[in-house]
Amino acid sequence: MRNIFTLIILLYVNFALGQQKSPVDIHGQLKISKGQLLDKNNAPPQLRGISMSWSIWGGQKYYTPEVIGWLHRDFKANIVRLAMGIEPDGGYLKNPAMQKQLIISSIDAAIANGMYVLIDWHDHHADQHQHEAISFFSEMANRYKRKHNVIYEVFNEPTKIDWKIVKSYSTAVIKAIRKYDKENVIVVGSPSWDQDVDVVAKDPILGFKNIAYSFHFYASDPNHQAALMKKADVAIASGLALVVTEWGVGESNGNGVFDLTKTEKWVQWMEKNKLSWANWNITDKKETTAILNKGASIKGNWTAEQLTPGGKYIREKLRTLNGTANIK
C-alpha cells in the first residue's frame with residue numbers, strides 16, 4: 001500500500017512539473033508598443049531578475065550555468081543581465097575571445113532555463129568603441145536572432161555626455177543588429193549614468209521598432225530620490241519605454257546604507273509602472289549592493305548565511321513577486 005501511495009505522489013509531482021512553463025514560454029516575443037514593453041499577449045511581462053557583476057575581477061567567477069540556474073530556480077528570477085566589462089584589464093577590448101565565450105556560455109545557460117537575458121555592453125565610454133560594439137553585437141544578433149530570450153543593451157551608463165553622441169552611437173549599433181535580428185528588443189542608454197531619460201524623451205531614436213531605454217537608480221542614495229523619480233515619470237508620460245536594467249539597494253558607489261523605506265518606495269514605483277528590472281549584483285565583494293557574502297559558491301545552492309542583507313531582501317522580493325510567474 002505504501003509503495004502505491006509513493007508511486008501516486010511521484011506521478012503527481014511529475015505531472016505538476018510537466019505543467020510548468022518557463023518565462024519565455026509564457027511571454028514569448030517581446031515588443032515595444034505605445035511606450036511599453038509588452039509580451040506576446042500584449043501585456044507588460046514585468047520581468048524581474050538579477051544583474052551579474054562585471055565579467056572581470058571577482059564577478060567573473062559567478063558566470064556559471066549553475067549560478068544562472070540557481071537564480072532561476074531558487075530566486076525565481078526570470079531575467080538575468082550579463083554585464084560584459086569592456087575597458088578595464090581583462091575586459092573585452094584586451095581579451096575579446098575569452099569575454100565573448102564567457103558571455104555566450106552564460107546566454108546559453110539562460111536560454112536553457114527559459115529565462116530572458118540582457119546582453120550588456122558594460123562600458124561608460126561605448127561611443128569611443130563603436131567599431132568593437134558593432135562587431136560584437138552583429139555576431140550576437142546573427143547567433144541569437146531566432147531566440148525570443150535575448151535583449152540587447154548597447155550602452156551601459158553613458159557619463160555626462162550629450163544625448164546626440166549617445167544617439168548617434170546607438171543608432172549605428174541598432175542598424176548593425178537589425179541586419180540580422182529584426183525583432184528582439186534593443187535597450188539604449190541615456191546620459192548621466194542612465195538617468196536623463198527626460199532629455200531622451202524629447203528626441204528619441206526613430207525609424208526602428210522595439211527600442212527601449214535604460215533607467216538606473218540606487219534606492220538609498222540621497223541624490224536618487226524624488227527628483228530622479230520625476231525624470232522617469234516625465235519620460236513615461238511622454239511615451240518613452242523604460243527598462244530598469246540596473247538598480248541597487250545601496251548608494252551609487254555600490255556601498256553606503258541600505259535604507260529599507262527608500263528601497264520599498266522605489267520597488268512600489270516600478271510595480272505601479274509595470275517596469276521590468278534587474279538588481280545589481282551577483283558578487284561576493286564587500287559592498288552594500290552585493291548579493292553574496294565572501295566565499296559563496298560559484299555553483300549556487302547558497303544558504304541564507306551566504307546572502308548579504310541586500311541579497312536576502314532581493315531573493316525574498318523576487319520569490320514574492322515572481323513566485324508563481326513561471327507557472328501558467
# chains A, B, ... in the order shown; residues from 1 in each chain; ligands from 1
$ residues_around --residues "Gly256 of chain A" --least-positions-apart "5" --cutoff "8 Å" --atoms "only C-alpha atoms" --output "PyMOL selection string"
chain A and resi 220-221+250-251+288
$ write_last_selection --atoms "all heavy atoms" --output "PDB file, in the first residue's frame"
ATOM      1  N   SER A 220      18.893  53.866  -2.077  1.00  0.00           N
ATOM      2  CA  SER A 220      19.199  54.538  -0.822  1.00  0.00           C
ATOM      3  C   SER A 220      20.035  55.797  -0.987  1.00  0.00           C
ATOM      4  O   SER A 220      20.307  56.500  -0.020  1.00  0.00           O
ATOM      5  CB  SER A 220      19.931  53.568   0.118  1.00  0.00           C
ATOM      6  OG  SER A 220      19.156  52.410   0.358  1.00  0.00           O
ATOM      7  N   ASP A 221      20.447  56.076  -2.220  1.00  0.00           N
ATOM      8  CA  ASP A 221      21.296  57.238  -2.474  1.00  0.00           C
ATOM      9  C   ASP A 221      20.496  58.523  -2.274  1.00  0.00           C
ATOM     10  O   ASP A 221      19.415  58.682  -2.835  1.00  0.00           O
ATOM     11  CB  ASP A 221      21.829  57.182  -3.909  1.00  0.00           C
ATOM     12  CG  ASP A 221      23.000  58.120  -4.134  1.00  0.00           C
ATOM     13  OD1 ASP A 221      22.829  59.334  -3.915  1.00  0.00           O
ATOM     14  OD2 ASP A 221      24.083  57.647  -4.517  1.00  0.00           O
ATOM     15  N   GLY A 250      21.650  49.928  -2.271  1.00  0.00           N
ATOM     16  CA  GLY A 250      22.525  50.861  -1.573  1.00  0.00           C
ATOM     17  C   GLY A 250      22.616  52.199  -2.277  1.00  0.00           C
ATOM     18  O   GLY A 250      21.620  52.746  -2.759  1.00  0.00           O
ATOM     19  N   GLU A 251      23.842  52.729  -2.350  1.00  0.00           N
ATOM     20  CA  GLU A 251      24.077  54.018  -2.980  1.00  0.00           C
ATOM     21  C   GLU A 251      24.853  53.818  -4.280  1.00  0.00           C
ATOM     22  O   GLU A 251      25.310  52.720  -4.583  1.00  0.00           O
ATOM     23  CB  GLU A 251      24.810  54.932  -1.997  1.00  0.00           C
ATOM     24  CG  GLU A 251      23.995  55.158  -0.726  1.00  0.00           C
ATOM     25  CD  GLU A 251      24.674  56.052   0.298  1.00  0.00           C
ATOM     26  OE1 GLU A 251      25.571  56.840  -0.087  1.00  0.00           O
ATOM     27  OE2 GLU A 251      24.312  55.973   1.493  1.00  0.00           O
ATOM     28  N   THR A 288      27.515  47.057  -0.144  1.00  0.00           N
ATOM     29  CA  THR A 288      26.098  47.036   0.215  1.00  0.00           C
ATOM     30  C   THR A 288      25.250  46.390  -0.863  1.00  0.00           C
ATOM     31  O   THR A 288      24.297  45.663  -0.569  1.00  0.00           O
ATOM     32  CB  THR A 288      25.598  48.464   0.465  1.00  0.00           C
ATOM     33  OG1 THR A 288      26.431  49.090   1.444  1.00  0.00           O
ATOM     34  CG2 THR A 288      24.159  48.472   0.957  1.00  0.00           C
TER      35      THR A 288
END
$ closest_atom_pairs --of "segment 156-192 of chain A" --to "segment 134-149 of chain A" --cutoff "9 Å" --atoms "only C-alpha atoms" --output "JSON lines"
{"residue": "A:Ala172", "atom": "CA", "partner": "A:Ile134", "partner_atom": "CA", "distance": 7.6}
{"residue": "A:Val173", "atom": "CA", "partner": "A:Ile134", "partner_atom": "CA", "distance": 5.3}
{"residue": "A:Ile174", "atom": "CA", "partner": "A:Ile134", "partner_atom": "CA", "distance": 8.6}
{"residue": "A:Lys175", "atom": "CA", "partner": "A:Ile134", "partner_atom": "CA", "distance": 8.9}
{"residue": "A:Ala176", "atom": "CA", "partner": "A:Ser138", "partner_atom": "CA", "distance": 5.7}
{"residue": "A:Ile177", "atom": "CA", "partner": "A:Ser138", "partner_atom": "CA", "distance": 5.4}
{"residue": "A:Arg178", "atom": "CA", "partner": "A:Ala141", "partner_atom": "CA", "distance": 7.8}
{"residue": "A:Lys179", "atom": "CA", "partner": "A:Ser138", "partner_atom": "CA", "distance": 7.9}
{"residue": "A:Tyr180", "atom": "CA", "partner": "A:Asn142", "partner_atom": "CA", "distance": 5.2}
{"residue": "A:Asp181", "atom": "CA", "partner": "A:Lys145", "partner_atom": "CA", "distance": 4.6}
{"residue": "A:Lys182", "atom": "CA", "partner": "A:Lys145", "partner_atom": "CA", "distance": 7.7}
{"residue": "A:Glu183", "atom": "CA", "partner": "A:Lys145", "partner_atom": "CA", "distance": 8.0}
{"residue": "A:Asn184", "atom": "CA", "partner": "A:His148", "partner_atom": "CA", "distance": 6.7}
$ select_by_dssp --residues "segment 14-202 of chain A" --states "strand (DSSP E)" --output "ChimeraX atom specification"
/A:31-33,36-38,48-52,79-85,116-122,150-153,186-188
$ residues_around --residues "Leu38 of chain A" --least-positions-apart "5" --cutoff "12 Å" --atoms "only C-alpha atoms" --output "ChimeraX atom specification"
/A:27-33,43-47,184-185,210-212,241-243,274-276
$ write_last_selection --atoms "N, CA and C atoms" --output "mmCIF file, in the first residue's frame"
data_model
loop_
_atom_site.group_PDB
_atom_site.id
_atom_site.type_symbol
_atom_site.label_atom_id
_atom_site.label_comp_id
_atom_site.auth_asym_id
_atom_site.auth_seq_id
_atom_site.Cartn_x
_atom_site.Cartn_y
_atom_site.Cartn_z
ATOM 1 N N HIS A 27 5.713 34.340 -21.991
ATOM 2 C CA HIS A 27 5.684 35.700 -22.541
ATOM 3 C C HIS A 27 6.093 35.780 -24.015
ATOM 4 N N GLY A 28 6.918 34.843 -24.467
ATOM 5 C CA GLY A 28 7.293 34.798 -25.872
ATOM 6 C C GLY A 28 8.048 36.019 -26.369
ATOM 7 N N GLN A 29 7.798 36.376 -27.620
ATOM 8 C CA GLN A 29 8.476 37.505 -28.260
ATOM 9 C C GLN A 29 8.045 38.818 -27.620
ATOM 10 N N LEU A 30 9.017 39.576 -27.133
ATOM 11 C CA LEU A 30 8.742 40.881 -26.541
ATOM 12 C C LEU A 30 8.720 41.952 -27.625
ATOM 13 N N LYS A 31 8.038 43.038 -27.334
ATOM 14 C CA LYS A 31 7.969 44.154 -28.274
ATOM 15 C C LYS A 31 7.733 45.447 -27.511
ATOM 16 N N ILE A 32 7.914 46.544 -28.190
ATOM 17 C CA ILE A 32 7.611 47.856 -27.633
ATOM 18 C C ILE A 32 6.415 48.414 -28.381
ATOM 19 N N SER A 33 5.386 48.800 -27.630
ATOM 20 C CA SER A 33 4.196 49.371 -28.241
ATOM 21 C C SER A 33 3.617 50.433 -27.318
ATOM 22 N N ALA A 43 0.549 42.219 -23.069
ATOM 23 C CA ALA A 43 0.525 42.639 -21.672
ATOM 24 C C ALA A 43 1.957 42.893 -21.209
ATOM 25 N N PRO A 44 2.158 43.825 -20.269
ATOM 26 C CA PRO A 44 3.518 44.042 -19.742
ATOM 27 C C PRO A 44 3.992 42.802 -18.992
ATOM 28 N N PRO A 45 5.093 42.186 -19.397
ATOM 29 C CA PRO A 45 5.559 40.986 -18.715
ATOM 30 C C PRO A 45 6.130 41.282 -17.327
ATOM 31 N N GLN A 46 6.560 42.507 -17.117
ATOM 32 C CA GLN A 46 7.253 42.932 -15.899
ATOM 33 C C GLN A 46 8.244 41.868 -15.433
ATOM 34 N N LEU A 47 9.299 41.733 -16.217
ATOM 35 C CA LEU A 47 10.368 40.814 -15.871
ATOM 36 C C LEU A 47 11.135 41.372 -14.684
ATOM 37 N N ASN A 184 13.994 41.335 -31.817
ATOM 38 C CA ASN A 184 14.283 41.390 -30.382
ATOM 39 C C ASN A 184 14.531 42.818 -29.897
ATOM 40 N N VAL A 185 14.123 43.057 -28.670
ATOM 41 C CA VAL A 185 14.195 44.395 -28.094
ATOM 42 C C VAL A 185 15.642 44.847 -27.928
ATOM 43 N N ASN A 210 10.770 48.351 -31.643
ATOM 44 C CA ASN A 210 11.204 47.605 -30.453
ATOM 45 C C ASN A 210 12.480 48.182 -29.830
ATOM 46 N N ILE A 211 12.475 49.505 -29.650
ATOM 47 C CA ILE A 211 13.573 50.194 -28.970
ATOM 48 C C ILE A 211 13.083 50.693 -27.612
ATOM 49 N N ALA A 212 13.813 50.349 -26.555
ATOM 50 C CA ALA A 212 13.529 50.827 -25.205
ATOM 51 C C ALA A 212 14.752 51.579 -24.683
ATOM 52 N N ALA A 241 9.530 54.135 -23.603
ATOM 53 C CA ALA A 241 9.540 52.809 -22.974
ATOM 54 C C ALA A 241 10.811 52.635 -22.153
ATOM 55 N N LEU A 242 10.662 52.383 -20.860
ATOM 56 C CA LEU A 242 11.804 52.242 -19.963
ATOM 57 C C LEU A 242 11.963 50.808 -19.472
ATOM 58 N N VAL A 243 13.217 50.408 -19.313
ATOM 59 C CA VAL A 243 13.573 49.161 -18.645
ATOM 60 C C VAL A 243 14.630 49.514 -17.603
ATOM 61 N N LYS A 274 4.740 49.064 -13.913
ATOM 62 C CA LYS A 274 4.920 47.770 -14.592
ATOM 63 C C LYS A 274 6.235 47.711 -15.365
ATOM 64 N N LEU A 275 7.305 48.148 -14.704
ATOM 65 C CA LEU A 275 8.621 48.178 -15.326
ATOM 66 C C LEU A 275 9.383 46.884 -15.043
ATOM 67 N N SER A 276 10.077 46.401 -16.043
ATOM 68 C CA SER A 276 10.958 45.248 -15.851
ATOM 69 C C SER A 276 12.290 45.713 -15.283
#
$ closest_residue --among "A:Thr320, A:Ser252, A:Asn95, A:Thr263" --to "Ser55 of chain A" --atoms "only C-alpha atoms"
A:Asn95
$ residues_around --residues "Tyr63 of chain A" --least-positions-apart "4" --cutoff "9 Å" --atoms "only C-alpha atoms" --output "PyMOL selection string"
chain A and resi 52-53+55+59+67-68+82+102-103+105-106+298
$ write_last_selection --atoms "all heavy atoms" --output "compact mmCIF listing (two decimals), in the first residue's frame"
# COMPACT_ATOMS: atom_id res chain seq x y z
N MET A 52 24.32 40.20 -13.25
CA MET A 52 25.64 39.73 -12.87
C MET A 52 26.53 40.95 -12.68
O MET A 52 26.21 42.05 -13.14
CB MET A 52 26.22 38.82 -13.95
CG MET A 52 25.33 37.66 -14.33
SD MET A 52 25.01 36.50 -12.98
CE MET A 52 26.60 35.66 -12.90
N SER A 53 27.65 40.78 -12.01
CA SER A 53 28.60 41.87 -11.85
C SER A 53 29.46 41.96 -13.11
O SER A 53 29.26 41.21 -14.08
CB SER A 53 29.48 41.63 -10.63
OG SER A 53 30.20 42.79 -10.30
N SER A 55 32.06 41.27 -15.78
CA SER A 55 32.59 39.95 -16.17
C SER A 55 34.11 39.92 -16.07
O SER A 55 34.78 39.21 -16.84
CB SER A 55 32.16 39.62 -17.60
OG SER A 55 32.71 40.57 -18.50
N GLY A 59 33.77 39.32 -10.06
CA GLY A 59 32.45 38.94 -10.55
C GLY A 59 32.47 37.87 -11.61
O GLY A 59 31.50 37.14 -11.80
N VAL A 67 25.08 28.92 -11.43
CA VAL A 67 24.58 30.14 -10.79
C VAL A 67 23.33 30.65 -11.50
O VAL A 67 22.34 31.01 -10.86
CB VAL A 67 25.68 31.23 -10.77
CG1 VAL A 67 25.07 32.62 -10.50
CG2 VAL A 67 26.71 30.91 -9.70
N ILE A 68 23.36 30.67 -12.82
CA ILE A 68 22.20 31.16 -13.58
C ILE A 68 20.99 30.25 -13.34
O ILE A 68 19.87 30.73 -13.14
CB ILE A 68 22.55 31.27 -15.07
CG1 ILE A 68 23.56 32.43 -15.26
CG2 ILE A 68 21.30 31.51 -15.91
CD1 ILE A 68 24.14 32.55 -16.63
N LEU A 82 23.85 40.21 -18.21
CA LEU A 82 25.26 39.85 -18.30
C LEU A 82 26.05 41.12 -18.58
O LEU A 82 25.99 41.67 -19.68
CB LEU A 82 25.47 38.83 -19.42
CG LEU A 82 24.56 37.59 -19.37
CD1 LEU A 82 24.82 36.71 -20.57
CD2 LEU A 82 24.77 36.83 -18.06
N LEU A 102 32.70 33.65 -22.50
CA LEU A 102 32.04 33.71 -21.19
C LEU A 102 30.59 34.16 -21.35
O LEU A 102 29.67 33.58 -20.74
CB LEU A 102 32.80 34.68 -20.28
CG LEU A 102 32.36 34.74 -18.81
CD1 LEU A 102 32.73 33.46 -18.09
CD2 LEU A 102 33.03 35.93 -18.12
N ILE A 103 30.37 35.18 -22.18
CA ILE A 103 29.03 35.70 -22.38
C ILE A 103 28.16 34.69 -23.13
O ILE A 103 27.00 34.45 -22.77
CB ILE A 103 29.08 37.05 -23.12
CG1 ILE A 103 29.78 38.11 -22.25
CG2 ILE A 103 27.68 37.51 -23.52
CD1 ILE A 103 29.13 38.35 -20.89
N SER A 105 28.39 31.42 -23.25
CA SER A 105 28.03 30.28 -22.38
C SER A 105 26.96 30.68 -21.38
O SER A 105 26.08 29.88 -21.04
CB SER A 105 29.27 29.74 -21.66
OG SER A 105 29.80 30.70 -20.77
N SER A 106 27.00 31.94 -20.93
CA SER A 106 26.00 32.43 -19.97
C SER A 106 24.65 32.67 -20.66
O SER A 106 23.60 32.39 -20.08
CB SER A 106 26.49 33.71 -19.30
OG SER A 106 27.69 33.48 -18.58
N ILE A 298 30.47 29.23 -6.37
CA ILE A 298 30.28 29.61 -7.77
C ILE A 298 29.32 28.65 -8.47
O ILE A 298 29.10 28.75 -9.67
CB ILE A 298 31.63 29.64 -8.52
CG1 ILE A 298 32.29 28.25 -8.54
CG2 ILE A 298 32.56 30.67 -7.93
CD1 ILE A 298 33.52 28.15 -9.44
$ residues_around --residues "Leu318 of chain A" --least-positions-apart "2" --cutoff "12 Å" --atoms "only C-alpha atoms" --output "PyMOL selection string"
chain A and resi 46-50+71-79+267+276-279+311-316+320-326
$ residues_around --residues "segment 111-120 of chain A" --least-positions-apart "3" --cutoff "7 Å" --atoms "only C-alpha atoms" --output "VMD selection string"
chain A and resid 22 to 24 69 78 to 84 107 to 108 149 to 154 156
$ write_last_selection --atoms "N, CA and C atoms" --output "compact mmCIF listing (two decimals), in the first residue's frame"
# COMPACT_ATOMS: atom_id res chain seq x y z
N SER A 22 8.23 27.94 -18.74
CA SER A 22 9.29 28.90 -18.50
C SER A 22 8.79 30.31 -18.76
N PRO A 23 9.53 31.34 -18.29
CA PRO A 23 9.14 32.72 -18.60
C PRO A 23 8.98 32.98 -20.09
N VAL A 24 9.90 32.43 -20.90
CA VAL A 24 9.82 32.66 -22.34
C VAL A 24 8.65 31.90 -22.96
N GLY A 69 21.22 28.96 -13.30
CA GLY A 69 20.13 28.04 -12.99
C GLY A 69 19.58 28.25 -11.59
N ASN A 78 13.37 35.80 -13.57
CA ASN A 78 13.00 35.42 -14.93
C ASN A 78 13.81 36.18 -15.99
N ILE A 79 14.75 37.01 -15.52
CA ILE A 79 15.68 37.67 -16.42
C ILE A 79 17.03 37.79 -15.72
N VAL A 80 18.09 37.66 -16.48
CA VAL A 80 19.44 37.85 -15.96
C VAL A 80 20.18 38.79 -16.91
N ARG A 81 20.97 39.68 -16.31
CA ARG A 81 21.74 40.64 -17.11
C ARG A 81 23.22 40.25 -17.04
N LEU A 82 23.85 40.21 -18.21
CA LEU A 82 25.26 39.85 -18.30
C LEU A 82 26.05 41.12 -18.58
N ALA A 83 26.78 41.59 -17.58
CA ALA A 83 27.48 42.87 -17.66
C ALA A 83 28.91 42.66 -18.15
N MET A 84 29.08 42.59 -19.47
CA MET A 84 30.39 42.31 -20.04
C MET A 84 31.29 43.54 -19.93
N ILE A 107 24.69 33.19 -21.88
CA ILE A 107 23.45 33.36 -22.65
C ILE A 107 22.80 31.99 -22.85
N ASP A 108 23.61 31.02 -23.24
CA ASP A 108 23.08 29.68 -23.50
C ASP A 108 22.49 29.07 -22.23
N ASN A 149 14.48 34.94 -26.14
CA ASN A 149 15.08 35.24 -24.82
C ASN A 149 15.92 36.50 -24.81
N VAL A 150 16.51 36.86 -25.94
CA VAL A 150 17.61 37.82 -25.96
C VAL A 150 17.13 39.27 -26.07
N ILE A 151 17.74 40.12 -25.24
CA ILE A 151 17.56 41.57 -25.27
C ILE A 151 18.96 42.18 -25.34
N TYR A 152 19.15 43.14 -26.21
CA TYR A 152 20.46 43.77 -26.40
C TYR A 152 20.50 45.11 -25.65
N GLU A 153 21.50 45.29 -24.78
CA GLU A 153 21.71 46.57 -24.08
C GLU A 153 23.02 47.16 -24.59
N VAL A 154 22.94 48.20 -25.42
CA VAL A 154 24.07 48.58 -26.25
C VAL A 154 25.02 49.60 -25.62
N ASN A 156 25.99 50.85 -21.58
CA ASN A 156 25.75 50.95 -20.15
C ASN A 156 26.20 52.31 -19.59
$ closest_residue --among "A:Gln268, A:Asn223, A:Gln99, A:Asn253" --to "Trp54 of chain A" --atoms "only C-alpha atoms"
A:Gln99
$ residues_around --residues "Tyr169 of chain A" --least-positions-apart "6" --cutoff "8 Å" --atoms "only C-alpha atoms" --output "PyMOL selection string"
chain A and resi 126-127+130
$ write_last_selection --atoms "N, CA and C atoms" --output "short mmCIF file (atom, residue, chain, number, x, y, z; two decimals), in the first residue's frame"
data_model
loop_
_atom_site.label_atom_id
_atom_site.label_comp_id
_atom_site.auth_asym_id
_atom_site.auth_seq_id
_atom_site.Cartn_x
_atom_site.Cartn_y
_atom_site.Cartn_z
N ALA A 126 31.18 53.84 -24.42
CA ALA A 126 30.92 53.00 -25.59
C ALA A 126 31.04 53.77 -26.90
N ASP A 127 30.75 55.07 -26.85
CA ASP A 127 30.85 55.87 -28.08
C ASP A 127 32.27 55.90 -28.62
N GLN A 130 32.85 52.22 -30.81
CA GLN A 130 31.72 51.89 -31.68
C GLN A 130 32.05 50.72 -32.61
#
$ atom_distance --atom1 "atom CA of Gly35 of chain A" --atom2 "atom CA of Lys202 of chain A"
13.4 Å
